[in-house]
file work_17.cif (mmCIF, C-alpha atoms and all ligand atoms)
data_protein
#
loop_
_atom_site.label_atom_id
_atom_site.label_comp_id
_atom_site.auth_asym_id
_atom_site.auth_seq_id
_atom_site.Cartn_x
_atom_site.Cartn_y
_atom_site.Cartn_z
CA MET W 779 131.33 135.68 90.27
CA LYS W 780 130.57 137.95 93.21
CA VAL W 781 128.80 136.15 96.04
CA ALA W 782 126.80 138.26 98.48
CA LEU W 783 127.79 137.58 102.06
CA GLN W 784 124.77 137.01 104.23
CA GLU W 785 124.33 137.67 107.90
CA GLU W 786 122.61 134.61 109.23
CA ARG W 787 119.98 134.86 111.96
CA LYS W 788 118.67 132.07 114.10
CA ILE W 789 115.89 132.50 116.64
CA LEU W 790 117.14 132.05 120.20
CA ILE W 791 114.06 133.18 122.14
CA ARG W 792 110.67 133.29 120.42
CA ARG W 793 108.30 136.19 120.81
CA ALA W 794 105.74 134.05 122.68
CA ALA W 795 108.36 133.03 125.25
CA ILE W 796 109.42 136.67 125.66
CA GLU W 797 105.81 137.78 126.16
CA LYS W 798 105.24 135.10 128.79
CA ARG W 799 108.46 135.89 130.67
CA VAL W 800 107.86 139.65 130.57
CA ARG W 801 104.45 139.07 132.19
CA GLN W 802 106.08 136.94 134.91
CA VAL W 803 108.75 139.56 135.63
CA ALA W 804 106.10 142.28 135.80
CA LEU W 805 104.08 140.17 138.23
CA GLU W 806 107.15 139.74 140.46
CA ILE W 807 107.69 143.51 140.47
CA THR W 808 104.01 144.13 141.16
CA ARG W 809 104.15 141.76 144.14
CA ASP W 810 107.44 143.15 145.49
CA PHE W 811 106.21 146.75 145.47
CA LYS W 812 102.56 146.16 146.42
CA GLY W 813 100.89 149.41 147.42
CA GLU W 814 103.87 151.53 146.34
CA ARG W 815 104.88 153.56 143.31
CA VAL W 816 107.75 152.50 141.04
CA HIS W 817 109.90 154.75 138.87
CA VAL W 818 111.17 152.85 135.84
CA ILE W 819 114.36 154.05 134.14
CA GLY W 820 115.10 152.77 130.66
CA VAL W 821 118.71 152.67 129.47
CA LEU W 822 118.65 153.87 125.86
CA LYS W 823 118.41 152.61 123.34
CA GLY W 824 118.31 148.85 123.74
CA ALA W 825 115.88 148.75 126.66
CA CYS W 826 113.07 150.69 124.97
CA ILE W 827 111.16 147.66 123.64
CA PHE W 828 111.45 145.61 126.85
CA LEU W 829 110.50 148.64 128.93
CA SER W 830 107.40 149.40 126.89
CA ASP W 831 106.12 145.84 127.19
CA LEU W 832 107.13 145.51 130.85
CA VAL W 833 105.49 148.67 132.18
CA ARG W 834 102.16 147.77 130.58
CA GLU W 835 102.13 144.57 132.64
CA ILE W 836 103.07 146.25 135.93
CA ASN W 837 99.97 146.79 138.01
CA LEU W 838 101.24 149.67 140.18
CA GLU W 839 101.47 153.43 140.02
CA THR W 840 104.37 153.77 137.58
CA SER W 841 106.44 156.63 136.18
CA ILE W 842 109.07 156.44 133.44
CA ASP W 843 112.33 158.20 132.64
CA PHE W 844 115.26 157.46 130.33
CA ILE W 845 119.01 157.71 130.57
CA ALA W 846 121.61 157.23 127.81
CA VAL W 847 125.22 156.16 128.26
CA SER W 848 127.99 154.96 126.01
CA SER W 849 130.91 152.81 126.99
CA TYR W 850 134.37 152.27 125.61
CA GLY W 851 136.73 149.35 126.02
CA ARG W 852 133.86 147.09 127.01
CA GLY W 853 134.91 143.49 127.20
CA LYS W 854 138.52 144.20 126.32
CA ASP W 855 139.60 145.45 129.71
CA SER W 856 137.87 145.83 133.02
CA SER W 857 138.46 149.58 133.14
CA GLY W 858 135.92 150.26 130.35
CA GLN W 859 134.87 153.89 130.55
CA VAL W 860 131.24 154.92 130.60
CA ARG W 861 130.05 158.35 129.54
CA LEU W 862 126.68 159.91 130.31
CA LEU W 863 125.01 161.00 127.05
CA LYS W 864 121.56 161.91 128.37
CA ASP W 865 120.70 162.36 132.01
CA LEU W 866 117.35 161.74 133.67
CA ASP W 867 114.71 164.44 133.35
CA SER W 868 113.80 164.46 137.03
CA SER W 869 114.99 163.68 140.54
CA ILE W 870 114.80 160.10 141.85
CA ALA W 871 115.21 161.02 145.53
CA GLY W 872 112.88 158.92 147.67
CA LEU W 873 111.59 156.83 144.75
CA ASN W 874 111.54 153.07 144.17
CA VAL W 875 113.76 153.02 141.09
CA ILE W 876 113.96 150.10 138.70
CA ILE W 877 116.70 150.33 136.08
CA VAL W 878 115.60 148.50 132.93
CA GLU W 879 118.25 147.02 130.64
CA ASP W 880 117.96 144.84 127.57
CA ILE W 881 121.16 142.93 128.44
CA LEU W 882 123.72 142.58 131.20
CA ASP W 883 127.03 141.77 129.58
CA THR W 884 130.35 142.79 131.17
CA GLY W 885 128.40 144.70 133.83
CA ILE W 886 130.42 147.86 133.24
CA THR W 887 127.41 149.96 132.19
CA LEU W 888 125.32 148.81 135.13
CA THR W 889 128.13 149.34 137.64
CA TYR W 890 128.39 152.95 136.47
CA LEU W 891 124.61 153.47 136.55
CA LEU W 892 124.25 152.00 140.05
CA ARG W 893 127.03 154.26 141.29
CA ILE W 894 125.63 157.51 139.90
CA LEU W 895 122.00 156.70 140.74
CA ARG W 896 122.75 155.61 144.32
CA GLN W 897 124.25 159.03 144.95
CA ARG W 898 120.84 160.55 144.18
CA LYS W 899 119.23 158.85 147.21
CA PRO W 900 116.41 156.75 145.77
CA LYS W 901 114.30 154.89 148.34
CA SER W 902 115.28 151.63 146.62
CA LEU W 903 117.25 150.74 143.52
CA ARG W 904 116.72 147.52 141.56
CA VAL W 905 117.61 146.18 138.16
CA ALA W 906 115.45 144.41 135.59
CA ALA W 907 117.20 142.93 132.57
CA LEU W 908 115.64 140.93 129.79
CA LEU W 909 118.86 139.03 129.08
CA ASP W 910 121.85 138.12 131.20
CA LYS W 911 125.20 136.83 129.90
CA PRO W 912 126.97 136.01 133.19
CA SER W 913 129.91 134.38 131.39
CA ARG W 914 130.99 137.82 130.12
CA ARG W 915 131.00 139.59 133.47
CA VAL W 916 134.01 141.67 134.48
CA LYS W 917 132.17 143.59 137.22
CA PRO W 918 130.30 141.80 140.00
CA VAL W 919 126.74 142.99 139.31
CA LYS W 920 123.48 141.06 139.26
CA GLY W 921 119.99 141.74 138.02
CA ASP W 922 117.15 141.57 140.55
CA TYR W 923 114.74 140.57 137.80
CA VAL W 924 116.23 138.63 134.88
CA GLY W 925 114.21 137.40 131.93
CA PHE W 926 116.60 134.87 130.41
CA THR W 927 120.16 133.78 131.11
CA ILE W 928 121.92 133.16 127.81
CA PRO W 929 125.32 131.82 126.68
CA ASN W 930 128.00 133.99 125.13
CA VAL W 931 126.42 134.45 121.70
CA PHE W 932 125.84 137.68 119.78
CA VAL W 933 122.15 138.49 119.97
CA VAL W 934 119.93 140.99 118.20
CA GLY W 935 116.24 141.81 118.20
CA TYR W 936 113.67 142.99 120.74
CA GLY W 937 115.71 146.17 121.22
CA LEU W 938 119.19 144.76 120.68
CA ASP W 939 121.10 145.90 117.63
CA TYR W 940 123.98 145.20 115.32
CA ALA W 941 125.18 148.55 113.95
CA GLU W 942 121.72 149.99 114.83
CA ARG W 943 119.87 147.33 112.82
CA TYR W 944 117.52 144.57 113.97
CA ARG W 945 116.18 146.34 117.09
CA ASN W 946 112.66 145.89 115.69
CA LEU W 947 112.73 142.08 115.46
CA LYS W 948 110.06 140.45 117.61
CA ASP W 949 112.25 137.48 118.53
CA VAL W 950 115.71 137.50 120.11
CA CYS W 951 118.03 136.03 117.48
CA VAL W 952 121.62 134.91 117.32
CA LEU W 953 123.45 136.80 114.59
CA LYS W 954 126.21 135.03 112.73
CA LEU W 955 128.35 137.42 110.74
CA PRO W 956 129.81 136.40 107.36
CA THR W 957 133.35 136.57 108.72
CA GLU W 958 132.64 134.01 111.43
C1 LIG B 1 124.18 147.60 125.66
C2 LIG B 1 123.07 147.29 126.63
C3 LIG B 1 123.62 147.71 127.95
C4 LIG B 1 125.10 147.48 127.80
C5 LIG B 1 125.47 146.22 128.50
O1 LIG B 1 124.11 148.94 125.28
O2 LIG B 1 121.91 147.99 126.32
O3 LIG B 1 123.36 149.07 128.24
O4 LIG B 1 125.36 147.35 126.40
O5 LIG B 1 126.83 145.94 128.32
P1 LIG B 1 127.87 145.87 129.52
O6 LIG B 1 127.26 145.02 130.58
O7 LIG B 1 129.05 145.21 128.86
O8 LIG B 1 128.19 147.25 129.97
P2 LIG B 1 124.89 149.57 124.05
O9 LIG B 1 126.07 150.33 124.53
O10 LIG B 1 125.14 148.51 123.02
O11 LIG B 1 123.87 150.66 123.51
P3 LIG B 1 122.37 150.49 122.96
O12 LIG B 1 121.51 150.11 124.15
O13 LIG B 1 122.03 151.83 122.43
O14 LIG B 1 122.38 149.41 121.90
#
call {"tool": "encode", "arguments": {"input": "work_17.cif", "output": "structure tokens"}}
result
Amino acid sequence: MKVALQEERKILIRRAAIEKRVRQVALEITRDFKGERVHVIGVLKGACIFLSDLVREINLETSIDFIAVSSYGRGKDSSGQVRLLKDLDSSIAGLNVIIVEDILDTGITLTYLLRILRQRKPKSLRVAALLDKPSRRVKPVKGDYVGFTIPNVFVVGYGLDYAERYRNLKDVCVLKLPTE
């Protein structure tokens, strides 16, 4: 008899906890940049859900842009290569830039982004990440605003995918694959 192999999902962070934490992070940003404008840059695709909830809770003049990168060799060696797939639409010179990520993992993507964006002379450059997996880090980067620090588990939902699926889940879930 053929038995269908199931991918098992378990909720790690519930939607209500995410909502609450996103509001807190937005409040921190609002306080830190009081009276100023912020330019929020979403790193496609994973950050799109977090970004859309976050910016609606930021009580400042806010503009949005997106950047897309892909990386190879992530996690296997520290020389993982990052390639720019879609650049920003406009200049960030003189702006208070906040890079928004769904997750900080090895830190390779963020190291690359910080390097190329610093060269463009923003007034300030900060990082907001919904999730942080510090145990996986191979590059010494930190988020300025971190939603949740999590252990080394494979997570999906709220923007995060497995083979492009599950980004639309409202909760962050741990995905257990049938082979595990
Ligand atoms: C994920 C995530 C970060 C990056 C973090 O993107 O959105 O950009 O990986 O990993 P790192 O710290 O090891 O570099 P991914 O390449 O999976 O693309 P996606 O956002 O389109 O899912």
call {"tool": "residues_around", "arguments": {"input": "work_17.cif", "residues": "stretch 796-806 of chain W", "least_positions_apart": "4", "cutoff": "6 Å", "atoms": "only C-alpha atoms", "output": "PyMOL selection string"}}
result
chain W and resi 832+835-836
call {"tool": "closest_residue", "arguments": {"input": "work_17.cif", "among": "W:Pro956, W:Phe926, W:Gly935, W:Lys920", "to": "W:Ala795", "atoms": "only C-alpha atoms"}}
result
W:Phe926
call {"tool": "closest_residue", "arguments": {"input": "work_17.cif", "among": "W:Ala871, W:Leu909, W:Val818, W:Ala825", "to": "W:Arg896", "atoms": "only C-alpha atoms"}}
result
W:Ala871
call {"tool": "residues_near_ligand", "arguments": {"input": "work_17.cif", "ligand": "ligand LIG 1 (chain B)", "cutoff": "9 Å", "atoms": "only C-alpha atoms and all ligand atoms", "output": "PyMOL selection string"}}
result
chain W and resi 821-826+846-850+852-853+858+860+879-890+910-911+914-917+919+937-942+945
call {"tool": "write_last_selection", "arguments": {"input": "work_17.cif", "atoms": "C-alpha atoms", "output": "mmCIF file, in the frame of the given file"}}
result
data_model
loop_
_atom_site.group_PDB
_atom_site.id
_atom_site.type_symbol
_atom_site.label_atom_id
_atom_site.label_comp_id
_atom_site.auth_asym_id
_atom_site.auth_seq_id
_atom_site.Cartn_x
_atom_site.Cartn_y
_atom_site.Cartn_z
ATOM 1 C CA VAL W 821 118.710 152.670 129.470
ATOM 2 C CA LEU W 822 118.650 153.870 125.860
ATOM 3 C CA LYS W 823 118.410 152.610 123.340
ATOM 4 C CA GLY W 824 118.310 148.850 123.740
ATOM 5 C CA ALA W 825 115.880 148.750 126.660
ATOM 6 C CA CYS W 826 113.070 150.690 124.970
ATOM 7 C CA ALA W 846 121.610 157.230 127.810
ATOM 8 C CA VAL W 847 125.220 156.160 128.260
ATOM 9 C CA SER W 848 127.990 154.960 126.010
ATOM 10 C CA SER W 849 130.910 152.810 126.990
ATOM 11 C CA TYR W 850 134.370 152.270 125.610
ATOM 12 C CA ARG W 852 133.860 147.090 127.010
ATOM 13 C CA GLY W 853 134.910 143.490 127.200
ATOM 14 C CA GLY W 858 135.920 150.260 130.350
ATOM 15 C CA VAL W 860 131.240 154.920 130.600
ATOM 16 C CA GLU W 879 118.250 147.020 130.640
ATOM 17 C CA ASP W 880 117.960 144.840 127.570
ATOM 18 C CA ILE W 881 121.160 142.930 128.440
ATOM 19 C CA LEU W 882 123.720 142.580 131.200
ATOM 20 C CA ASP W 883 127.030 141.770 129.580
ATOM 21 C CA THR W 884 130.350 142.790 131.170
ATOM 22 C CA GLY W 885 128.400 144.700 133.830
ATOM 23 C CA ILE W 886 130.420 147.860 133.240
ATOM 24 C CA THR W 887 127.410 149.960 132.190
ATOM 25 C CA LEU W 888 125.320 148.810 135.130
ATOM 26 C CA THR W 889 128.130 149.340 137.640
ATOM 27 C CA TYR W 890 128.390 152.950 136.470
ATOM 28 C CA ASP W 910 121.850 138.120 131.200
ATOM 29 C CA LYS W 911 125.200 136.830 129.900
ATOM 30 C CA ARG W 914 130.990 137.820 130.120
ATOM 31 C CA ARG W 915 131.000 139.590 133.470
ATOM 32 C CA VAL W 916 134.010 141.670 134.480
ATOM 33 C CA LYS W 917 132.170 143.590 137.220
ATOM 34 C CA VAL W 919 126.740 142.990 139.310
ATOM 35 C CA GLY W 937 115.710 146.170 121.220
ATOM 36 C CA LEU W 938 119.190 144.760 120.680
ATOM 37 C CA ASP W 939 121.100 145.900 117.630
ATOM 38 C CA TYR W 940 123.980 145.200 115.320
ATOM 39 C CA ALA W 941 125.180 148.550 113.950
ATOM 40 C CA GLU W 942 121.720 149.990 114.830
ATOM 41 C CA ARG W 945 116.180 146.340 117.090
#
call {"tool": "closest_residue", "arguments": {"input": "work_17.cif", "among": "W:Val833, W:Leu955, W:Gly921, W:Ser913", "to": "W:Val933", "atoms": "all atoms listed in the file"}}
result
W:Leu955
call {"tool": "atom_distance", "arguments": {"input": "work_17.cif", "atom1": "atom CA of W:Ser841", "atom2": "atom CA of W:Lys864"}}
result
17.8 Å
call {"tool": "atom_distance", "arguments": {"input": "work_17.cif", "atom1": "atom CA of W:Arg815", "atom2": "atom CA of W:Ile845"}}
result
19.5 Å
call {"tool": "closest_residue", "arguments": {"input": "work_17.cif", "among": "W:Leu947, W:Val934, W:Ile842, W:Leu829", "to": "W:Ile870", "atoms": "all atoms listed in the file"}}
result
W:Ile842
call {"tool": "atom_distance", "arguments": {"input": "work_17.cif", "atom1": "atom CA of W:Leu862", "atom2": "atom CA of W:Thr927"}}
result
26.9 Å
call {"tool": "closest_residue", "arguments": {"input": "work_17.cif", "among": "W:Thr808, W:Val931, W:Tyr936, W:His817", "to": "W:Val952", "atoms": "all atoms listed in the file"}}
result
W:Val931
call {"tool": "residues_around", "arguments": {"input": "work_17.cif", "residues": "W:Val924", "least_positions_apart": "5", "cutoff": "6 Å", "atoms": "only C-alpha atoms", "output": "number ranges by chain"}}
result
W: 906-908
call {"tool": "write_last_selection", "arguments": {"input": "work_17.cif", "atoms": "C-alpha atoms", "output": "CSV table (one decimal), in the coordinates of the input"}}
result
chain,number,residue,atom,x,y,z
W,906,ALA,CA,115.4,144.4,135.6
W,907,ALA,CA,117.2,142.9,132.6
W,908,LEU,CA,115.6,140.9,129.8
call {"tool": "closest_residue", "arguments": {"input": "work_17.cif", "among": "W:Val950, W:Leu838, W:Asp922, W:Ser830", "to": "W:Val905", "atoms": "only C-alpha atoms"}}
result
W:Asp922
